[in-house]
Each structure stands twice: as C-alpha cells, then as structure tokens.
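Colleague: Following this message is one structure expressed as structure tokens.
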Amino acid sequence: MTREGAGRVRAWVALAAAAGAAFLACAGGDAPGLLARYTLGYRFVYSVQFSPDGTVLAVGGALGGVTALLERASGAVLRLLPGHTDYVRSVAFSPDGRRLATGADDGLVRVWDLARPAELWTLRGHRGGVNAVAFSPDGSLLASAADDGTIRLWSPERGTELAVLGGHLSWVYAVAFSPCGTLFASGSVDESILLWDLATGGARRLLGHAGAVTSLAFTPDGRLLVSGGLDGTVRVWDPAQAQVVRTLIGHGGPVYAVAVSPNGELIASASGDGTVRVWEVARGRLISTWGPGFEAVRAVAFSPDGAVVASGGCARHYAGYCGEGEIRLWSLGSTTP
C-alpha cells in the first residue's frame with residue numbers, strides 16, 4: 001500500500017469512529033430471498049462469518065487491513081479492528097465467541113479479544129499472505145494457511161506456534177477442522193486436499209479437482225467434507241474412504257467459498273459467476289440459485305440457526321477494479337430438501 005493510500009485508510013477509520021462508524025448504506029431485500037444488502041467502504045469483501053450467537057458479522061476485505069464487526073440485524077458497525085496492513089482474506093470466531101482471528105496478505109495472523117476489544121496476539125511466521133484461519137472445535141488450536149505453502153498451528157491462549165505442516169506443493173487456500181477436532185483438512189493451488197491426523201501428524205492426499213482448491217467445510221457429523229475449486233465444481237468427499245461421493249456442477253465460474261448448514265442438510269457455494277447456490281447434501285440436488293447480483297462472490301456463511309446465508313464479494317467494478325463491496329443476507333425460508 002502506498003503512503004497516500006495508508007493515509008486515506010487512517011483518515012477513513014478516524015472519520016468512521018467519530019461518526020459512530022456508520023459507513024454502511026443498508027438496504028432491504030430487492031430480490032427473491034434477499035433480506036438485506038449492506039454496501040461497504042471495502043472495495044472487495046473476501047471473508048464473512050457469523051458470531052456463534054448469530055448476532056454479529058465479521059467482515060474482512062480490501063480496505064487497508066481493517067476488519068469490521070457488524071450488527072447482523074441492521075448492518076450497523078459495532079467495532080472496527082485496524083491492524084493489518086493489507087487485504088484481510090479470512091476471519092474466524094472462536095467457538096465461545098470471545099475471540100476473533102484474522103489472516104491477511106501482510107503475512108500475519110491476528111487474534112482479537114472482543115470483550116475489550118483489543119488485539120491479543122500478532123502471530124508471525126508465514127512468509128506469504130495468509131488465506132485462511134480456523135479454530136478447532138474446542139478453541140484450543142488455531143490453524144492458518146498461506147501462500148508460503150504451509151499450514152501453521154498456534155495456541156490462541158499463549159500466542160505461540162505449535163507446529164508447521166508443509167505437505168502441499170504450492171499456496172494453501174483453505175483449512176477446516178472436523179467436528180471431533182482430531183482431523184483437519186487443507187486445500188491448495190496444487191489441486192489437492194490433505195487430510196491431517198493431529199495425533200500422528202500424518203496426512204492423506206485427496207485428488208479430484210482440476211484446479212486450485214479454494215474452500216473446505218466438514219458436515220456437522222464429520223462424515224463428509226465439502227470442497228470448492230477454481231474448476232467451478234463443488235465436491236463432496238468421504239474422508240474415511242478418501243474418495244469423492246458426488247460432484248456438484250452448475251456454477252459458470254470458479255467456486256471461491258463453500259459452507260455447510262448447521263443441520264448438515266445443505267451446502268451453500270459462492271462463485272465468480274456472481275451467484276450463490278444452495279444444494280442438498282444427501283442427493284446433490286440444486287435447491288436455489290441467488291443472483292447474479294454480484295460480479296463475483298468470494299464469501300459465504302450460514303447463520304448458527306441455519307435460517308440465513310450471508311454472502312460477500314464485489315457488486316460492481318469500475319475501471320478494471322472492484323469499486324463496491326457488499327454483504328448480502330439471504331433467507332433460506334422455504335429452501336429445504
């Protein structure tokens with residue numbers, strides 16, 4: 001970022017704080033299933049997650065390293081978390097909702113104490129942009145994945161590095177813990193998924209995508225793993241058998257994000273084709289398609305009650321770059337298998 005750009009970001013943060021941080025224009029739904037649309041100061045939204053109680057949205061994107069915490073109901077900014085010096089690619093709440101982890105293109109992982117709020121730890125070690133962060137189900141581990149081809153495991157309690165895992169051959173885009181916490185998965189530009197056994201440190205490689213693996217999510221029972229890739233497909237895997245159960249085809253562009261509903265019955269996928277699609281896990285049937293309304297959708301998440309899907313991305317390009325990032329909230333309503 002240039003000195004001029006950094007100055008603009010600092011000025012923007014100060015202005016937003018002074019004005020009650022109301023930098024969002026909030027609009028109601030204007031398409032089937034659309035509940036709300038929050039237009040951001042971000043040029044691009046790369047990540048969005050619901051807090052465990054479902055009342056807060058954490059948003060990361062292309063705005064000088066600032067992470068925003070939004071009230072889900074209104075889109076009002078509750079807090080701004082400046083600290084990173086480059087795009088925030090990933091955000092993750094701890095299971096108890098007391099902490100937030102963020103990963104960014106500056107190569108850092110930051111852990112925030114949301115009760116104060118204040119930065120708790122700055123985790124250094126990656127030699128490339130951090131693309132994904134995830135807490136283990138019990139909150140005792142934090143995993144990060146980066147452009148340096150490694151996955152690093154950290155203690156969020158002590159802010160220390162516990163392990164470095166280097167089985168991938170290129171940038172690592174995704175990481176996800178299984179519900180039992182003894183297994184986690186990572187996805188890479190090398191077109192593979194690695195299934196890691198935390199007890200032994202061993203890994204099995206899953207192959208199937210014809211392009212980078214961009215996103216991963218386990219079903220709540222841990223029996224299935226869902227992946228999205230630049231080949232435009234969503235794949236459902238049986239981790240125990242290390243094989244594909246089904247391939248979901250329909251997107252007309254790369255799949256950047258996937259999420260599984262809390263009841264394990266639905267998959268939401270976000271794509272560069274500007275749509276969010278909802279699929280049935282059991283049979284792979286397409287349930288709903290929302291959009292196109294974005295030029296590209298980069299992030300997707302289910303609310304903890306399973307009633308709402310949040311998506312984020314670029315709503316409009318100007319002169320070759322994204323000039324307007326948005327969060328959209330969609331009602332699952334009658335969207336049932």
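Residues are referred to by chain and number: the chain letter is A, B, ... according to the order shown in the structure tokens, the number counts from 1 in that chain, and ligands are numbered separately from 1 in the order shown.
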When you look at region 46-48 of chain A with a cut-off of 6 Å (counting only C-alpha atoms), what residues show up, excluding the ones that are within fewer than 6 positions of it in the same chain? I need them as number ranges by chain.
Modeller: A: 58-61, 89-90, 298-299
Colleague: Show me, as a VMD selection string, the residues that have an atom within 6 Å of region 189-199 of chain A when counting only C-alpha atoms, minus same-chain residues fewer than 3 positions from it.
Modeller: chain A and resid 169 to 171 182 to 186 202 to 207 209 211 to 213
Colleague: Please produce an output containing N, CA and C atoms for each residue in the selection, written as a compact mmCIF listing (two decimals), in the first residue's frame.
Modeller:
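Below is the file out_17.txt, written as the result:
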# COMPACT_ATOMS: atom_id res chain seq x y z
N LEU A 169 2.35 -28.50 -2.28
CA LEU A 169 3.38 -28.13 -3.25
C LEU A 169 3.25 -26.69 -3.72
N SER A 170 2.25 -25.98 -3.23
CA SER A 170 2.03 -24.59 -3.65
C SER A 170 1.21 -23.88 -2.59
N TRP A 171 0.71 -22.69 -2.93
CA TRP A 171 -0.08 -21.89 -2.00
C TRP A 171 -1.22 -22.71 -1.39
N THR A 182 -9.92 -34.00 15.84
CA THR A 182 -8.70 -34.80 15.67
C THR A 182 -8.22 -34.84 14.23
N LEU A 183 -9.03 -34.33 13.31
CA LEU A 183 -8.72 -34.33 11.89
C LEU A 183 -8.95 -32.94 11.34
N PHE A 184 -8.08 -32.50 10.45
CA PHE A 184 -8.40 -31.29 9.72
C PHE A 184 -7.92 -31.42 8.29
N ALA A 185 -8.49 -30.57 7.45
CA ALA A 185 -8.23 -30.65 6.02
C ALA A 185 -7.65 -29.33 5.54
N SER A 186 -6.81 -29.41 4.50
CA SER A 186 -6.25 -28.22 3.87
C SER A 186 -6.35 -28.36 2.36
N GLY A 202 0.38 -37.33 10.44
CA GLY A 202 0.35 -37.88 9.10
C GLY A 202 -0.77 -37.29 8.27
N ALA A 203 -0.69 -37.44 6.94
CA ALA A 203 -1.68 -36.86 6.04
C ALA A 203 -1.95 -37.78 4.87
N ARG A 204 -3.20 -37.75 4.39
CA ARG A 204 -3.59 -38.44 3.16
C ARG A 204 -3.98 -37.39 2.13
N ARG A 205 -3.63 -37.66 0.89
CA ARG A 205 -3.88 -36.69 -0.17
C ARG A 205 -5.11 -37.11 -0.99
N LEU A 206 -6.04 -36.18 -1.18
CA LEU A 206 -7.23 -36.40 -2.00
C LEU A 206 -7.08 -35.62 -3.30
N LEU A 207 -7.30 -36.29 -4.42
CA LEU A 207 -7.19 -35.67 -5.73
C LEU A 207 -8.51 -35.79 -6.48
N HIS A 209 -10.10 -32.34 -7.96
CA HIS A 209 -10.30 -31.02 -8.57
C HIS A 209 -9.29 -30.80 -9.70
N GLY A 211 -8.03 -27.92 -10.66
CA GLY A 211 -7.71 -26.52 -10.37
C GLY A 211 -7.52 -26.36 -8.88
N ALA A 212 -7.16 -25.18 -8.45
CA ALA A 212 -6.90 -24.92 -7.04
C ALA A 212 -8.12 -25.22 -6.18
N VAL A 213 -7.90 -25.78 -5.00
CA VAL A 213 -8.95 -25.99 -4.01
C VAL A 213 -9.02 -24.74 -3.16
Colleague: Looking at only C-alpha atoms, which of A:Gly325, A:Gly187, A:Gly250, A:Gly103 is the one that sits closest to Ser227 (chain A)?
Modeller: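 Distance minimum relative to Ser227 (chain A) lands on A:Gly187.
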Colleague: Which residue, A:Ala257, A:Val109, A:Ile327, A:Val133, has the smallest gap to Ala92 (chain A) when you use only C-alpha atoms?
Modeller: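 Under the stated criterion, the closest residue is A:Val133.
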Colleague: To one decimal in Å, tell me the separation between CA of Trp290 (chain A) and CA of Glu324 (chain A).
Modeller: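 About the pair CA of Trp290 (chain A) and CA of Glu324 (chain A): they are 18.8 Å apart.
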Colleague: Can you work out which one of A:Gly75, A:Pro95, A:Gly83, A:Gly312 has the shortest atom-to-atom distance to Ala118 (chain A), counting only C-alpha atoms?
Modeller: A:Gly83
Colleague: Compile the contact shell of Asp138 (chain A) as a PyMOL selection string: residues with an atom at most 10 Å away, counting only C-alpha atoms, same-chain residues fewer than 4 positions apart removed.
Modeller: chain A and resi 94-96+179-181
Colleague: Counting only C-alpha atoms, which of A:Arg223, A:Phe93, A:Ala301, A:Arg328 gets nearest to Asp53 (chain A)?
Modeller: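 Nearest to Asp53 (chain A): A:Phe93.
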Colleague: How many Å separate CA of Gly128 (chain A) from CA of Ala143 (chain A)?
Modeller: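 Atom-to-atom, CA of Gly128 (chain A) and CA of Ala143 (chain A) are spaced 15.1 Å apart.
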Colleague: Work out how far CA of Leu69 (chain A) is from CA of Ala307 (chain A), in Å to one decimal.
Modeller: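 That distance, rounded to one decimal, is 20.1 Å.
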Colleague: So that I can see what lies close to Glu280 (chain A), please list as a ChimeraX atom specification the residues with an atom at most 6 Å from it, counting only C-alpha atoms and leaving out residues fewer than 3 positions away in the same chain.
Modeller: /A:266,283-285,337
Colleague: Give the strand (DSSP E or B) residues of region 5-168 of chain A, as assigned by DSSP on the backbone, as an NGL selection string.
Modeller: :A and (25-28 or 34-39 or 45-50 or 56-61 or 67-71 or 77-81 or 88-93 or 99-104 or 109-113 or 118-123 or 130-135 or 142-146 or 151-155 or 160-165)
Colleague: Write a file of the just-selected residues containing C-alpha atoms, as a PDB file, in the first residue's frame.
Modeller:
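Output file out.pdb is given in full below:
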ATOM      1  CA  ALA A  25     -25.549   2.028   3.451  1.00  0.00           C
ATOM      2  CA  CYS A  26     -28.130  -0.545   4.455  1.00  0.00           C
ATOM      3  CA  ALA A  27     -30.910  -1.511   2.084  1.00  0.00           C
ATOM      4  CA  GLY A  28     -33.709  -4.050   2.317  1.00  0.00           C
ATOM      5  CA  LEU A  34     -32.839 -11.284  -0.259  1.00  0.00           C
ATOM      6  CA  LEU A  35     -33.259  -9.937   3.272  1.00  0.00           C
ATOM      7  CA  ALA A  36     -30.725  -7.122   3.310  1.00  0.00           C
ATOM      8  CA  ARG A  37     -27.846  -5.605   1.418  1.00  0.00           C
ATOM      9  CA  TYR A  38     -25.038  -3.778   3.219  1.00  0.00           C
ATOM     10  CA  THR A  39     -22.835  -1.693   0.956  1.00  0.00           C
ATOM     11  CA  VAL A  45     -15.286  -8.422   0.516  1.00  0.00           C
ATOM     12  CA  TYR A  46     -13.168 -11.553   0.880  1.00  0.00           C
ATOM     13  CA  SER A  47     -14.492 -13.060   4.099  1.00  0.00           C
ATOM     14  CA  VAL A  48     -17.603 -13.097   6.265  1.00  0.00           C
ATOM     15  CA  GLN A  49     -18.537 -15.110   9.361  1.00  0.00           C
ATOM     16  CA  PHE A  50     -21.375 -15.112  11.896  1.00  0.00           C
ATOM     17  CA  VAL A  56     -22.646 -10.229  14.737  1.00  0.00           C
ATOM     18  CA  LEU A  57     -20.990 -10.475  11.339  1.00  0.00           C
ATOM     19  CA  ALA A  58     -17.214 -10.235  10.994  1.00  0.00           C
ATOM     20  CA  VAL A  59     -16.161  -8.884   7.587  1.00  0.00           C
ATOM     21  CA  GLY A  60     -12.729  -8.740   6.019  1.00  0.00           C
ATOM     22  CA  GLY A  61     -11.698  -7.356   2.659  1.00  0.00           C
ATOM     23  CA  THR A  67     -11.827  -5.794   9.876  1.00  0.00           C
ATOM     24  CA  ALA A  68     -15.400  -4.738  10.653  1.00  0.00           C
ATOM     25  CA  LEU A  69     -17.844  -6.189  13.162  1.00  0.00           C
ATOM     26  CA  LEU A  70     -21.425  -5.531  12.071  1.00  0.00           C
ATOM     27  CA  GLU A  71     -24.738  -5.923  13.803  1.00  0.00           C
ATOM     28  CA  VAL A  77     -20.805  -1.094  12.572  1.00  0.00           C
ATOM     29  CA  LEU A  78     -20.200  -2.195  16.139  1.00  0.00           C
ATOM     30  CA  ARG A  79     -16.402  -2.087  16.034  1.00  0.00           C
ATOM     31  CA  LEU A  80     -13.536  -1.577  13.620  1.00  0.00           C
ATOM     32  CA  LEU A  81     -10.371  -3.606  14.096  1.00  0.00           C
ATOM     33  CA  VAL A  88      -7.932  -9.314   5.132  1.00  0.00           C
ATOM     34  CA  ARG A  89      -8.564 -12.665   3.463  1.00  0.00           C
ATOM     35  CA  SER A  90     -10.089 -14.675   6.307  1.00  0.00           C
ATOM     36  CA  VAL A  91     -11.916 -14.195   9.600  1.00  0.00           C
ATOM     37  CA  ALA A  92     -12.930 -16.781  12.214  1.00  0.00           C
ATOM     38  CA  PHE A  93     -14.702 -16.551  15.572  1.00  0.00           C
ATOM     39  CA  ARG A  99     -12.084 -14.029  20.203  1.00  0.00           C
ATOM     40  CA  LEU A 100     -11.682 -13.364  16.511  1.00  0.00           C
ATOM     41  CA  ALA A 101      -8.791 -14.489  14.318  1.00  0.00           C
ATOM     42  CA  THR A 102      -7.914 -12.652  11.118  1.00  0.00           C
ATOM     43  CA  GLY A 103      -5.461 -13.522   8.356  1.00  0.00           C
ATOM     44  CA  ALA A 104      -4.222 -11.092   5.729  1.00  0.00           C
ATOM     45  CA  VAL A 109      -2.428 -13.724  11.843  1.00  0.00           C
ATOM     46  CA  ARG A 110      -4.002 -11.525  14.486  1.00  0.00           C
ATOM     47  CA  VAL A 111      -6.095 -12.713  17.424  1.00  0.00           C
ATOM     48  CA  TRP A 112      -8.505 -10.204  18.940  1.00  0.00           C
ATOM     49  CA  ASP A 113     -10.081 -10.132  22.393  1.00  0.00           C
ATOM     50  CA  ALA A 118      -8.149  -5.201  21.702  1.00  0.00           C
ATOM     51  CA  GLU A 119      -5.552  -7.172  19.839  1.00  0.00           C
ATOM     52  CA  LEU A 120      -4.420 -10.131  21.929  1.00  0.00           C
ATOM     53  CA  TRP A 121      -1.691 -11.629  19.731  1.00  0.00           C
ATOM     54  CA  THR A 122       0.123 -10.968  16.484  1.00  0.00           C
ATOM     55  CA  LEU A 123       1.264 -14.339  15.139  1.00  0.00           C
ATOM     56  CA  VAL A 130      -2.470 -15.715   4.903  1.00  0.00           C
ATOM     57  CA  ASN A 131      -5.522 -17.031   3.049  1.00  0.00           C
ATOM     58  CA  ALA A 132      -7.420 -18.923   5.750  1.00  0.00           C
ATOM     59  CA  VAL A 133      -7.760 -19.191   9.525  1.00  0.00           C
ATOM     60  CA  ALA A 134      -9.848 -21.627  11.568  1.00  0.00           C
ATOM     61  CA  PHE A 135     -10.304 -22.536  15.249  1.00  0.00           C
ATOM     62  CA  LEU A 142      -5.843 -22.081  15.615  1.00  0.00           C
ATOM     63  CA  ALA A 143      -4.816 -23.128  12.109  1.00  0.00           C
ATOM     64  CA  SER A 144      -3.632 -20.768   9.378  1.00  0.00           C
ATOM     65  CA  ALA A 145      -2.887 -21.420   5.692  1.00  0.00           C
ATOM     66  CA  ALA A 146      -0.712 -19.236   3.497  1.00  0.00           C
ATOM     67  CA  ILE A 151      -0.228 -24.676   7.458  1.00  0.00           C
ATOM     68  CA  ARG A 152       0.693 -23.475  10.911  1.00  0.00           C
ATOM     69  CA  LEU A 153      -0.918 -24.488  14.196  1.00  0.00           C
ATOM     70  CA  TRP A 154      -0.994 -21.963  17.027  1.00  0.00           C
ATOM     71  CA  SER A 155      -2.080 -21.770  20.636  1.00  0.00           C
ATOM     72  CA  THR A 160       2.745 -19.474  20.382  1.00  0.00           C
ATOM     73  CA  GLU A 161       3.413 -21.583  17.308  1.00  0.00           C
ATOM     74  CA  LEU A 162       2.909 -25.309  17.900  1.00  0.00           C
ATOM     75  CA  ALA A 163       3.626 -26.889  14.509  1.00  0.00           C
ATOM     76  CA  VAL A 164       4.398 -26.185  10.869  1.00  0.00           C
ATOM     77  CA  LEU A 165       2.912 -28.559   8.287  1.00  0.00           C
TER      78      LEU A 165
END
Colleague: Please identify all polymer residues within 6 Å of region 62-65 of chain A, counting only C-alpha atoms, omitting same-chain residues fewer than 3 positions from it, and present them as a ChimeraX atom specification.
Modeller: /A:42-44,84-88
Colleague: If you keep N, CA and C atoms, can you produce a file of those selected residues as a PDB file, in the first residue's frame?
Modeller:
ATOM      1  N   TYR A  42     -15.397  -1.153   1.837  1.00  0.00           N
ATOM      2  CA  TYR A  42     -14.441  -2.056   1.216  1.00  0.00           C
ATOM      3  C   TYR A  42     -14.570  -2.012  -0.300  1.00  0.00           C
ATOM      4  N   ARG A  43     -13.454  -2.117  -0.992  1.00  0.00           N
ATOM      5  CA  ARG A  43     -13.517  -2.279  -2.439  1.00  0.00           C
ATOM      6  C   ARG A  43     -13.880  -3.719  -2.798  1.00  0.00           C
ATOM      7  N   PHE A  44     -13.598  -4.654  -1.894  1.00  0.00           N
ATOM      8  CA  PHE A  44     -13.935  -6.054  -2.143  1.00  0.00           C
ATOM      9  C   PHE A  44     -14.117  -6.731  -0.795  1.00  0.00           C
ATOM     10  N   HIS A  84      -3.978  -4.916  10.452  1.00  0.00           N
ATOM     11  CA  HIS A  84      -3.300  -5.456   9.275  1.00  0.00           C
ATOM     12  C   HIS A  84      -2.940  -4.317   8.327  1.00  0.00           C
ATOM     13  N   THR A  85      -1.961  -4.563   7.492  1.00  0.00           N
ATOM     14  CA  THR A  85      -1.533  -3.537   6.535  1.00  0.00           C
ATOM     15  C   THR A  85      -1.862  -3.918   5.094  1.00  0.00           C
ATOM     16  N   ASP A  86      -2.642  -4.989   4.928  1.00  0.00           N
ATOM     17  CA  ASP A  86      -3.036  -5.411   3.586  1.00  0.00           C
ATOM     18  C   ASP A  86      -4.373  -6.128   3.689  1.00  0.00           C
ATOM     19  N   TYR A  87      -4.893  -6.601   2.551  1.00  0.00           N
ATOM     20  CA  TYR A  87      -6.227  -7.172   2.481  1.00  0.00           C
ATOM     21  C   TYR A  87      -6.423  -8.288   3.505  1.00  0.00           C
ATOM     22  N   VAL A  88      -7.558  -8.263   4.188  1.00  0.00           N
ATOM     23  CA  VAL A  88      -7.932  -9.314   5.132  1.00  0.00           C
ATOM     24  C   VAL A  88      -8.660 -10.409   4.354  1.00  0.00           C
TER      25      VAL A  88
END
